[in-house]
2 protein chains.
Amino acid sequence: MTQIHEYYLKMAVDLALKNAEKGGRPFGAVLVKDDQVLATGVNEILATNDPTCHAELSAIRQASQKLQSPRLEGCVIYASGQPCPMCLSAMYLTGIQEAYFAYSNADGEPYGLSTAPIYSELQKPLDQQKIQIRYMPLEQNASAHLYKQWKQISK
Amino acid sequence: MTQIHEYYLKMAVDLALKNAEKGGRPFGAVLVKDDQVLATGVNEILATNDPTCHAELSAIRQASQKLQSPRLEGCVIYASGQPCPMCLSAMYLTGIQEAYFAYSNADGEPYGLSTAPIYSELQKPLDQQKIQIRYMPLEQNASAHLYKQWKQISK
């Protein structure tokens, strides 16, 4: 089993290296389902200016379009680098239950490629985070509660 | 200042409600820069099958294309619901430093709309998380270190 994981992980690292050779950032990902490659992704932030074009997020997006479903249970992600919290959260949101990476945040830190500081921020209470993020309930009567209205509409 | 925040926050909640009325999930976001609306987003997961189409992530993506930059310093996000860790991480990745939301995870919990459980998972060490996520360094000589190669290529 380890050999299979290494095979796909090497594929992800190769994608990352090829992306770097084209001027991109050194991140690649391979999304596998039923022992077949369903989608791949590389970091395309520099090419697209889209800050969400991380390798894993792009692979997840592509896989969802192929399966025509936002649910990716049974899929496995192989990522060259340790998934950042945006991408790991996307895995939780889609039901992905298995992931492997070849280079950790500690490996990336000397190169400015660690997202450990963002993980640290997310652990803090809102009022202690670097982003000033505030809960500001709007004054309104109880019947206007957004989620209550949604439940009524979507019945 | 509070009035301005309430104004944009109401706009985000209105977008969320309109999205719900169209059969979508009740989430909306407004991204503001220099007191002008730069981008808006609603949750389009059901319409697109793309699990990353959260309101805030879509607004961030759209703003980056308008500015032709992945950096969104000086932008403020107004979100109807408390940002999930995917979207909050995207804010950290883009340099957004200010955010407001009208409905908290606690408000959403009775309706199945809280992402607090994902925040909890992200706080745990990798080997204790629900997703089986494993660091698997590939055997290779030191000169093949992906990030080292990237540094050399991108000099």
# chains A, B, ... in the order shown; residues from 1 in each chain; ligands from 1
$ interface_residues --of "chain A" --to "chain B" --cutoff "6 Å" --atoms "only C-alpha atoms" --output "ChimeraX atom specification"
/A:20,49-51,61,64,68-70,86,89,97-102,123,131-137,150
$ calpha_fit_and_write --fixed "chain B" --moving "chain A" --output "PDB file with C-alpha atoms, in the first residue's frame"
ATOM      1  CA  MET A   1     -18.393  53.869  11.558  1.00  0.00           C
ATOM      2  CA  THR A   2     -20.724  51.207  12.952  1.00  0.00           C
ATOM      3  CA  GLN A   3     -23.425  52.476  10.581  1.00  0.00           C
ATOM      4  CA  ILE A   4     -21.213  51.824   7.566  1.00  0.00           C
ATOM      5  CA  HIS A   5     -20.461  48.307   8.777  1.00  0.00           C
ATOM      6  CA  GLU A   6     -24.172  47.659   9.351  1.00  0.00           C
ATOM      7  CA  TYR A   7     -24.981  48.946   5.879  1.00  0.00           C
ATOM      8  CA  TYR A   8     -22.673  46.493   4.123  1.00  0.00           C
ATOM      9  CA  LEU A   9     -23.536  43.693   6.512  1.00  0.00           C
ATOM     10  CA  LYS A  10     -27.234  44.138   5.704  1.00  0.00           C
ATOM     11  CA  MET A  11     -26.297  43.998   2.042  1.00  0.00           C
ATOM     12  CA  ALA A  12     -24.562  40.649   2.652  1.00  0.00           C
ATOM     13  CA  VAL A  13     -27.597  39.307   4.534  1.00  0.00           C
ATOM     14  CA  ASP A  14     -29.906  40.477   1.732  1.00  0.00           C
ATOM     15  CA  LEU A  15     -27.754  38.635  -0.795  1.00  0.00           C
ATOM     16  CA  ALA A  16     -27.944  35.529   1.395  1.00  0.00           C
ATOM     17  CA  LEU A  17     -31.725  35.715   1.609  1.00  0.00           C
ATOM     18  CA  LYS A  18     -32.126  36.252  -2.133  1.00  0.00           C
ATOM     19  CA  ASN A  19     -29.849  33.283  -2.727  1.00  0.00           C
ATOM     20  CA  ALA A  20     -31.992  31.157  -0.408  1.00  0.00           C
ATOM     21  CA  GLU A  21     -35.109  32.258  -2.285  1.00  0.00           C
ATOM     22  CA  LYS A  22     -33.496  30.970  -5.483  1.00  0.00           C
ATOM     23  CA  GLY A  23     -32.858  27.578  -3.853  1.00  0.00           C
ATOM     24  CA  GLY A  24     -29.301  28.248  -2.703  1.00  0.00           C
ATOM     25  CA  ARG A  25     -27.754  28.143   0.727  1.00  0.00           C
ATOM     26  CA  PRO A  26     -28.232  31.235   2.931  1.00  0.00           C
ATOM     27  CA  PHE A  27     -24.828  32.855   2.654  1.00  0.00           C
ATOM     28  CA  GLY A  28     -23.783  36.131   1.087  1.00  0.00           C
ATOM     29  CA  ALA A  29     -20.675  38.288   1.202  1.00  0.00           C
ATOM     30  CA  VAL A  30     -19.686  41.799   0.198  1.00  0.00           C
ATOM     31  CA  LEU A  31     -16.067  42.796  -0.320  1.00  0.00           C
ATOM     32  CA  VAL A  32     -15.402  46.504   0.110  1.00  0.00           C
ATOM     33  CA  LYS A  33     -12.348  48.565  -0.738  1.00  0.00           C
ATOM     34  CA  ASP A  34     -12.026  52.324  -0.234  1.00  0.00           C
ATOM     35  CA  ASP A  35     -15.702  52.502   0.720  1.00  0.00           C
ATOM     36  CA  GLN A  36     -16.806  50.940  -2.542  1.00  0.00           C
ATOM     37  CA  VAL A  37     -18.190  47.480  -3.234  1.00  0.00           C
ATOM     38  CA  LEU A  38     -15.474  45.676  -5.163  1.00  0.00           C
ATOM     39  CA  ALA A  39     -17.112  42.251  -5.319  1.00  0.00           C
ATOM     40  CA  THR A  40     -19.992  40.222  -3.938  1.00  0.00           C
ATOM     41  CA  GLY A  41     -20.581  36.504  -3.630  1.00  0.00           C
ATOM     42  CA  VAL A  42     -23.231  34.029  -2.638  1.00  0.00           C
ATOM     43  CA  ASN A  43     -23.026  30.344  -1.825  1.00  0.00           C
ATOM     44  CA  GLU A  44     -23.390  28.575  -5.173  1.00  0.00           C
ATOM     45  CA  ILE A  45     -22.497  25.030  -4.174  1.00  0.00           C
ATOM     46  CA  LEU A  46     -25.916  23.664  -5.068  1.00  0.00           C
ATOM     47  CA  ALA A  47     -26.058  25.479  -8.409  1.00  0.00           C
ATOM     48  CA  THR A  48     -22.498  24.645  -9.498  1.00  0.00           C
ATOM     49  CA  ASN A  49     -21.576  21.470  -7.566  1.00  0.00           C
ATOM     50  CA  ASP A  50     -18.327  23.287  -6.742  1.00  0.00           C
ATOM     51  CA  PRO A  51     -17.729  22.804  -2.993  1.00  0.00           C
ATOM     52  CA  THR A  52     -15.456  25.861  -2.885  1.00  0.00           C
ATOM     53  CA  CYS A  53     -18.168  28.282  -4.057  1.00  0.00           C
ATOM     54  CA  HIS A  54     -18.678  29.805  -0.629  1.00  0.00           C
ATOM     55  CA  ALA A  55     -19.825  33.424  -0.603  1.00  0.00           C
ATOM     56  CA  GLU A  56     -16.576  34.830   0.779  1.00  0.00           C
ATOM     57  CA  LEU A  57     -14.290  32.709  -1.398  1.00  0.00           C
ATOM     58  CA  SER A  58     -16.216  33.708  -4.521  1.00  0.00           C
ATOM     59  CA  ALA A  59     -16.024  37.381  -3.566  1.00  0.00           C
ATOM     60  CA  ILE A  60     -12.273  37.059  -2.934  1.00  0.00           C
ATOM     61  CA  ARG A  61     -11.772  35.357  -6.281  1.00  0.00           C
ATOM     62  CA  GLN A  62     -13.794  38.010  -8.087  1.00  0.00           C
ATOM     63  CA  ALA A  63     -11.977  40.855  -6.332  1.00  0.00           C
ATOM     64  CA  SER A  64      -8.584  39.397  -7.271  1.00  0.00           C
ATOM     65  CA  GLN A  65      -9.628  39.355 -10.907  1.00  0.00           C
ATOM     66  CA  LYS A  66     -10.861  42.943 -10.758  1.00  0.00           C
ATOM     67  CA  LEU A  67      -7.636  44.126  -9.143  1.00  0.00           C
ATOM     68  CA  GLN A  68      -5.522  41.687 -11.167  1.00  0.00           C
ATOM     69  CA  SER A  69      -3.717  40.806  -7.960  1.00  0.00           C
ATOM     70  CA  PRO A  70      -3.869  37.971  -5.434  1.00  0.00           C
ATOM     71  CA  ARG A  71      -3.213  40.534  -2.684  1.00  0.00           C
ATOM     72  CA  LEU A  72      -6.256  42.185  -1.126  1.00  0.00           C
ATOM     73  CA  GLU A  73      -4.758  44.436   1.533  1.00  0.00           C
ATOM     74  CA  GLY A  74      -7.118  47.202   2.534  1.00  0.00           C
ATOM     75  CA  CYS A  75     -10.211  45.197   1.638  1.00  0.00           C
ATOM     76  CA  VAL A  76     -12.945  44.529   4.195  1.00  0.00           C
ATOM     77  CA  ILE A  77     -15.253  41.505   4.048  1.00  0.00           C
ATOM     78  CA  TYR A  78     -18.844  41.549   5.226  1.00  0.00           C
ATOM     79  CA  ALA A  79     -20.301  38.056   5.466  1.00  0.00           C
ATOM     80  CA  SER A  80     -23.828  37.079   6.441  1.00  0.00           C
ATOM     81  CA  GLY A  81     -22.490  34.081   8.357  1.00  0.00           C
ATOM     82  CA  GLN A  82     -19.335  33.437  10.347  1.00  0.00           C
ATOM     83  CA  PRO A  83     -16.601  32.574   7.850  1.00  0.00           C
ATOM     84  CA  CYS A  84     -15.660  28.912   7.734  1.00  0.00           C
ATOM     85  CA  PRO A  85     -11.953  28.076   8.118  1.00  0.00           C
ATOM     86  CA  MET A  86     -11.535  27.719   4.338  1.00  0.00           C
ATOM     87  CA  CYS A  87     -12.723  31.289   3.805  1.00  0.00           C
ATOM     88  CA  LEU A  88     -10.971  32.760   6.852  1.00  0.00           C
ATOM     89  CA  SER A  89      -7.721  31.123   5.717  1.00  0.00           C
ATOM     90  CA  ALA A  90      -8.213  32.684   2.280  1.00  0.00           C
ATOM     91  CA  MET A  91      -8.472  36.064   4.010  1.00  0.00           C
ATOM     92  CA  TYR A  92      -5.152  35.436   5.758  1.00  0.00           C
ATOM     93  CA  LEU A  93      -3.595  34.309   2.466  1.00  0.00           C
ATOM     94  CA  THR A  94      -4.669  37.523   0.710  1.00  0.00           C
ATOM     95  CA  GLY A  95      -3.850  40.047   3.419  1.00  0.00           C
ATOM     96  CA  ILE A  96      -7.433  41.014   4.223  1.00  0.00           C
ATOM     97  CA  GLN A  97      -7.332  42.459   7.725  1.00  0.00           C
ATOM     98  CA  GLU A  98     -10.931  43.210   8.638  1.00  0.00           C
ATOM     99  CA  ALA A  99     -14.137  41.169   8.546  1.00  0.00           C
ATOM    100  CA  TYR A 100     -17.648  41.353   9.986  1.00  0.00           C
ATOM    101  CA  PHE A 101     -20.386  38.746  10.169  1.00  0.00           C
ATOM    102  CA  ALA A 102     -24.025  38.861  11.255  1.00  0.00           C
ATOM    103  CA  TYR A 103     -24.736  35.239  12.193  1.00  0.00           C
ATOM    104  CA  SER A 104     -22.307  33.233  14.284  1.00  0.00           C
ATOM    105  CA  ASN A 105     -21.587  29.527  14.273  1.00  0.00           C
ATOM    106  CA  ALA A 106     -23.683  29.338  17.445  1.00  0.00           C
ATOM    107  CA  ASP A 107     -26.584  30.985  15.577  1.00  0.00           C
ATOM    108  CA  GLY A 108     -26.157  28.471  12.760  1.00  0.00           C
ATOM    109  CA  GLU A 109     -25.719  25.338  14.822  1.00  0.00           C
ATOM    110  CA  PRO A 110     -29.462  24.551  15.311  1.00  0.00           C
ATOM    111  CA  TYR A 111     -29.842  24.768  11.523  1.00  0.00           C
ATOM    112  CA  GLY A 112     -26.836  22.600  10.685  1.00  0.00           C
ATOM    113  CA  LEU A 113     -24.958  25.677   9.509  1.00  0.00           C
ATOM    114  CA  SER A 114     -22.006  25.807  11.890  1.00  0.00           C
ATOM    115  CA  THR A 115     -18.440  25.087  10.828  1.00  0.00           C
ATOM    116  CA  ALA A 116     -17.192  25.014  14.419  1.00  0.00           C
ATOM    117  CA  PRO A 117     -16.480  21.248  14.149  1.00  0.00           C
ATOM    118  CA  ILE A 118     -14.004  21.881  11.313  1.00  0.00           C
ATOM    119  CA  TYR A 119     -12.242  24.566  13.362  1.00  0.00           C
ATOM    120  CA  SER A 120     -11.944  21.982  16.148  1.00  0.00           C
ATOM    121  CA  GLU A 121     -10.373  19.427  13.821  1.00  0.00           C
ATOM    122  CA  LEU A 122      -7.806  21.910  12.506  1.00  0.00           C
ATOM    123  CA  GLN A 123      -6.607  22.550  16.052  1.00  0.00           C
ATOM    124  CA  LYS A 124      -5.682  18.916  16.605  1.00  0.00           C
ATOM    125  CA  PRO A 125      -2.315  17.331  15.825  1.00  0.00           C
ATOM    126  CA  LEU A 126      -2.435  15.629  12.419  1.00  0.00           C
ATOM    127  CA  ASP A 127      -2.526  12.120  13.858  1.00  0.00           C
ATOM    128  CA  GLN A 128      -5.655  12.930  15.856  1.00  0.00           C
ATOM    129  CA  GLN A 129      -7.709  14.512  13.107  1.00  0.00           C
ATOM    130  CA  LYS A 130     -10.723  12.903  11.451  1.00  0.00           C
ATOM    131  CA  ILE A 131      -9.028  13.140   8.083  1.00  0.00           C
ATOM    132  CA  GLN A 132      -6.170  10.683   7.984  1.00  0.00           C
ATOM    133  CA  ILE A 133      -3.451  13.074   6.873  1.00  0.00           C
ATOM    134  CA  ARG A 134       0.101  11.775   6.756  1.00  0.00           C
ATOM    135  CA  TYR A 135       3.538  13.256   6.225  1.00  0.00           C
ATOM    136  CA  MET A 136       5.371  10.862   3.939  1.00  0.00           C
ATOM    137  CA  PRO A 137       8.793  12.210   2.942  1.00  0.00           C
ATOM    138  CA  LEU A 138      10.004  10.619  -0.268  1.00  0.00           C
ATOM    139  CA  GLU A 139      13.402   9.006  -0.352  1.00  0.00           C
ATOM    140  CA  GLN A 140      15.723  11.101  -2.440  1.00  0.00           C
ATOM    141  CA  ASN A 141      19.074  12.778  -2.297  1.00  0.00           C
ATOM    142  CA  ALA A 142      19.313  16.214  -0.740  1.00  0.00           C
ATOM    143  CA  SER A 143      19.885  18.011  -4.048  1.00  0.00           C
ATOM    144  CA  ALA A 144      16.451  16.899  -5.226  1.00  0.00           C
ATOM    145  CA  HIS A 145      14.720  18.844  -2.431  1.00  0.00           C
ATOM    146  CA  LEU A 146      11.725  20.395  -4.168  1.00  0.00           C
ATOM    147  CA  TYR A 147      11.848  23.761  -2.438  1.00  0.00           C
ATOM    148  CA  LYS A 148      15.613  24.051  -2.883  1.00  0.00           C
ATOM    149  CA  GLN A 149      15.176  23.423  -6.598  1.00  0.00           C
ATOM    150  CA  TRP A 150      12.427  26.042  -6.701  1.00  0.00           C
ATOM    151  CA  LYS A 151      14.693  28.622  -5.051  1.00  0.00           C
ATOM    152  CA  GLN A 152      17.377  27.892  -7.627  1.00  0.00           C
ATOM    153  CA  ILE A 153      14.961  28.078 -10.550  1.00  0.00           C
ATOM    154  CA  SER A 154      13.248  31.254  -9.400  1.00  0.00           C
ATOM    155  CA  LYS A 155      16.429  33.215  -8.719  1.00  0.00           C
TER     156      LYS A 155
END
$ select_by_dssp --residues "segment 2-130 of chain B" --states "alpha helix (DSSP H)" --output "PyMOL selection string"
chain B and resi 2-21+45-48+55-67+85-94+105-108+116-123
$ select_by_dssp --residues "chain A" --states "strand (DSSP E)" --output "ChimeraX atom specification"
/A:28-33,36-42,75-81,98-103,132-135
$ write_last_selection --atoms "C-alpha atoms" --output "PDB file, in the first residue's frame"
ATOM      1  CA  GLY A  28       1.205  20.064  -7.023  1.00  0.00           C
ATOM      2  CA  ALA A  29      -1.649  17.765  -6.075  1.00  0.00           C
ATOM      3  CA  VAL A  30      -3.186  14.559  -7.367  1.00  0.00           C
ATOM      4  CA  LEU A  31      -6.710  13.509  -6.449  1.00  0.00           C
ATOM      5  CA  VAL A  32      -7.331   9.777  -6.701  1.00  0.00           C
ATOM      6  CA  LYS A  33     -10.560   7.813  -6.581  1.00  0.00           C
ATOM      7  CA  GLN A  36      -7.520   6.226 -10.705  1.00  0.00           C
ATOM      8  CA  VAL A  37      -6.386   9.825 -11.061  1.00  0.00           C
ATOM      9  CA  LEU A  38      -9.565  11.886 -11.066  1.00  0.00           C
ATOM     10  CA  ALA A  39      -7.968  15.334 -11.082  1.00  0.00           C
ATOM     11  CA  THR A  40      -4.661  17.125 -10.673  1.00  0.00           C
ATOM     12  CA  GLY A  41      -3.777  20.680  -9.750  1.00  0.00           C
ATOM     13  CA  VAL A  42      -0.822  22.985  -9.464  1.00  0.00           C
ATOM     14  CA  CYS A  75     -11.213  10.356  -2.752  1.00  0.00           C
ATOM     15  CA  VAL A  76      -7.593  10.531  -1.603  1.00  0.00           C
ATOM     16  CA  ILE A  77      -5.417  13.629  -2.009  1.00  0.00           C
ATOM     17  CA  TYR A  78      -1.686  13.508  -2.603  1.00  0.00           C
ATOM     18  CA  ALA A  79      -0.071  16.913  -2.181  1.00  0.00           C
ATOM     19  CA  SER A  80       3.572  17.825  -2.670  1.00  0.00           C
ATOM     20  CA  GLY A  81       3.406  20.172   0.316  1.00  0.00           C
ATOM     21  CA  GLU A  98      -7.337  10.589   3.444  1.00  0.00           C
ATOM     22  CA  ALA A  99      -4.393  12.775   2.443  1.00  0.00           C
ATOM     23  CA  TYR A 100      -0.625  12.449   2.075  1.00  0.00           C
ATOM     24  CA  PHE A 101       2.057  15.087   1.659  1.00  0.00           C
ATOM     25  CA  ALA A 102       5.785  14.923   0.945  1.00  0.00           C
ATOM     26  CA  TYR A 103       7.052  18.236   2.332  1.00  0.00           C
ATOM     27  CA  GLN A 132      -9.960  41.926  13.045  1.00  0.00           C
ATOM     28  CA  ILE A 133     -13.025  39.727  12.708  1.00  0.00           C
ATOM     29  CA  ARG A 134     -16.174  40.803  14.510  1.00  0.00           C
ATOM     30  CA  TYR A 135     -19.569  39.298  15.215  1.00  0.00           C
TER      31      TYR A 135
END
$ decode --residues "segment 20-58 of chain B" --atoms "N, CA and C atoms" --output "short mmCIF file (atom, residue, chain, number, x, y, z; two decimals), in the first residue's frame"
data_model
loop_
_atom_site.label_atom_id
_atom_site.label_comp_id
_atom_site.auth_asym_id
_atom_site.auth_seq_id
_atom_site.Cartn_x
_atom_site.Cartn_y
_atom_site.Cartn_z
N ALA B 20 -31.13 32.21 -0.97
CA ALA B 20 -31.99 31.16 -0.41
C ALA B 20 -33.30 31.08 -1.18
N GLU B 21 -33.83 32.23 -1.53
CA GLU B 21 -35.10 32.26 -2.28
C GLU B 21 -34.96 31.61 -3.65
N LYS B 22 -33.74 31.62 -4.17
CA LYS B 22 -33.49 30.97 -5.47
C LYS B 22 -33.10 29.51 -5.32
N GLY B 23 -33.14 29.00 -4.07
CA GLY B 23 -32.82 27.59 -3.85
C GLY B 23 -31.40 27.32 -3.40
N GLY B 24 -30.66 28.40 -3.16
CA GLY B 24 -29.28 28.24 -2.71
C GLY B 24 -29.16 28.22 -1.20
N ARG B 25 -27.96 28.11 -0.71
CA ARG B 25 -27.74 28.14 0.73
C ARG B 25 -27.65 29.60 1.20
N PRO B 26 -28.03 29.85 2.47
CA PRO B 26 -28.23 31.24 2.92
C PRO B 26 -26.94 31.95 3.33
N PHE B 27 -26.10 32.16 2.36
CA PHE B 27 -24.84 32.86 2.65
C PHE B 27 -24.53 33.88 1.56
N GLY B 28 -24.16 35.08 2.01
CA GLY B 28 -23.78 36.14 1.09
C GLY B 28 -22.59 36.89 1.64
N ALA B 29 -21.83 37.52 0.76
CA ALA B 29 -20.67 38.29 1.20
C ALA B 29 -20.47 39.51 0.30
N VAL B 30 -19.98 40.56 0.92
CA VAL B 30 -19.69 41.80 0.20
C VAL B 30 -18.25 42.19 0.52
N LEU B 31 -17.48 42.43 -0.50
CA LEU B 31 -16.07 42.80 -0.31
C LEU B 31 -15.92 44.27 -0.70
N VAL B 32 -15.44 45.04 0.26
CA VAL B 32 -15.39 46.49 0.10
C VAL B 32 -13.96 46.99 0.12
N LYS B 33 -13.65 47.88 -0.79
CA LYS B 33 -12.35 48.55 -0.73
C LYS B 33 -12.55 50.04 -0.94
N ASP B 34 -11.92 50.85 -0.12
CA ASP B 34 -12.04 52.31 -0.22
C ASP B 34 -13.51 52.74 -0.27
N ASP B 35 -14.30 52.15 0.62
CA ASP B 35 -15.72 52.50 0.73
C ASP B 35 -16.52 52.23 -0.54
N GLN B 36 -16.04 51.34 -1.37
CA GLN B 36 -16.81 50.94 -2.55
C GLN B 36 -16.91 49.42 -2.61
N VAL B 37 -18.03 48.92 -3.09
CA VAL B 37 -18.19 47.48 -3.24
C VAL B 37 -17.35 47.01 -4.42
N LEU B 38 -16.37 46.17 -4.11
CA LEU B 38 -15.48 45.68 -5.16
C LEU B 38 -16.01 44.36 -5.73
N ALA B 39 -16.61 43.55 -4.87
CA ALA B 39 -17.11 42.24 -5.32
C ALA B 39 -18.16 41.74 -4.33
N THR B 40 -19.04 40.90 -4.83
CA THR B 40 -19.99 40.23 -3.94
C THR B 40 -19.97 38.74 -4.27
N GLY B 41 -20.50 37.95 -3.36
CA GLY B 41 -20.57 36.51 -3.62
C GLY B 41 -21.72 35.90 -2.85
N VAL B 42 -22.25 34.82 -3.37
CA VAL B 42 -23.24 34.03 -2.63
C VAL B 42 -22.81 32.57 -2.70
N ASN B 43 -23.36 31.77 -1.83
CA ASN B 43 -23.03 30.35 -1.83
C ASN B 43 -23.67 29.68 -3.04
N GLU B 44 -22.85 29.17 -3.94
CA GLU B 44 -23.37 28.58 -5.17
C GLU B 44 -23.06 27.09 -5.28
N ILE B 45 -22.83 26.45 -4.15
CA ILE B 45 -22.48 25.03 -4.17
C ILE B 45 -23.57 24.20 -4.87
N LEU B 46 -24.82 24.46 -4.51
CA LEU B 46 -25.91 23.66 -5.07
C LEU B 46 -26.08 23.90 -6.57
N ALA B 47 -25.86 25.14 -7.00
CA ALA B 47 -26.04 25.47 -8.41
C ALA B 47 -24.88 24.99 -9.27
N THR B 48 -23.68 24.93 -8.68
CA THR B 48 -22.48 24.64 -9.49
C THR B 48 -21.86 23.29 -9.19
N ASN B 49 -22.23 22.67 -8.06
CA ASN B 49 -21.56 21.46 -7.57
C ASN B 49 -20.12 21.71 -7.16
N ASP B 50 -19.70 22.97 -7.16
CA ASP B 50 -18.33 23.30 -6.75
C ASP B 50 -18.31 23.56 -5.25
N PRO B 51 -17.68 22.68 -4.45
CA PRO B 51 -17.73 22.81 -2.99
C PRO B 51 -16.98 24.03 -2.47
N THR B 52 -16.21 24.69 -3.33
CA THR B 52 -15.44 25.86 -2.89
C THR B 52 -16.19 27.16 -3.15
N CYS B 53 -17.39 27.07 -3.74
CA CYS B 53 -18.16 28.29 -4.05
C CYS B 53 -18.88 28.83 -2.83
N HIS B 54 -18.15 29.09 -1.77
CA HIS B 54 -18.69 29.80 -0.63
C HIS B 54 -18.75 31.29 -0.99
N ALA B 55 -19.64 32.00 -0.30
CA ALA B 55 -19.83 33.42 -0.60
C ALA B 55 -18.52 34.21 -0.52
N GLU B 56 -17.79 34.04 0.59
CA GLU B 56 -16.58 34.83 0.78
C GLU B 56 -15.49 34.45 -0.23
N LEU B 57 -15.35 33.14 -0.48
CA LEU B 57 -14.29 32.71 -1.41
C LEU B 57 -14.59 33.23 -2.81
N SER B 58 -15.85 33.21 -3.19
CA SER B 58 -16.22 33.71 -4.52
C SER B 58 -15.96 35.21 -4.62
#
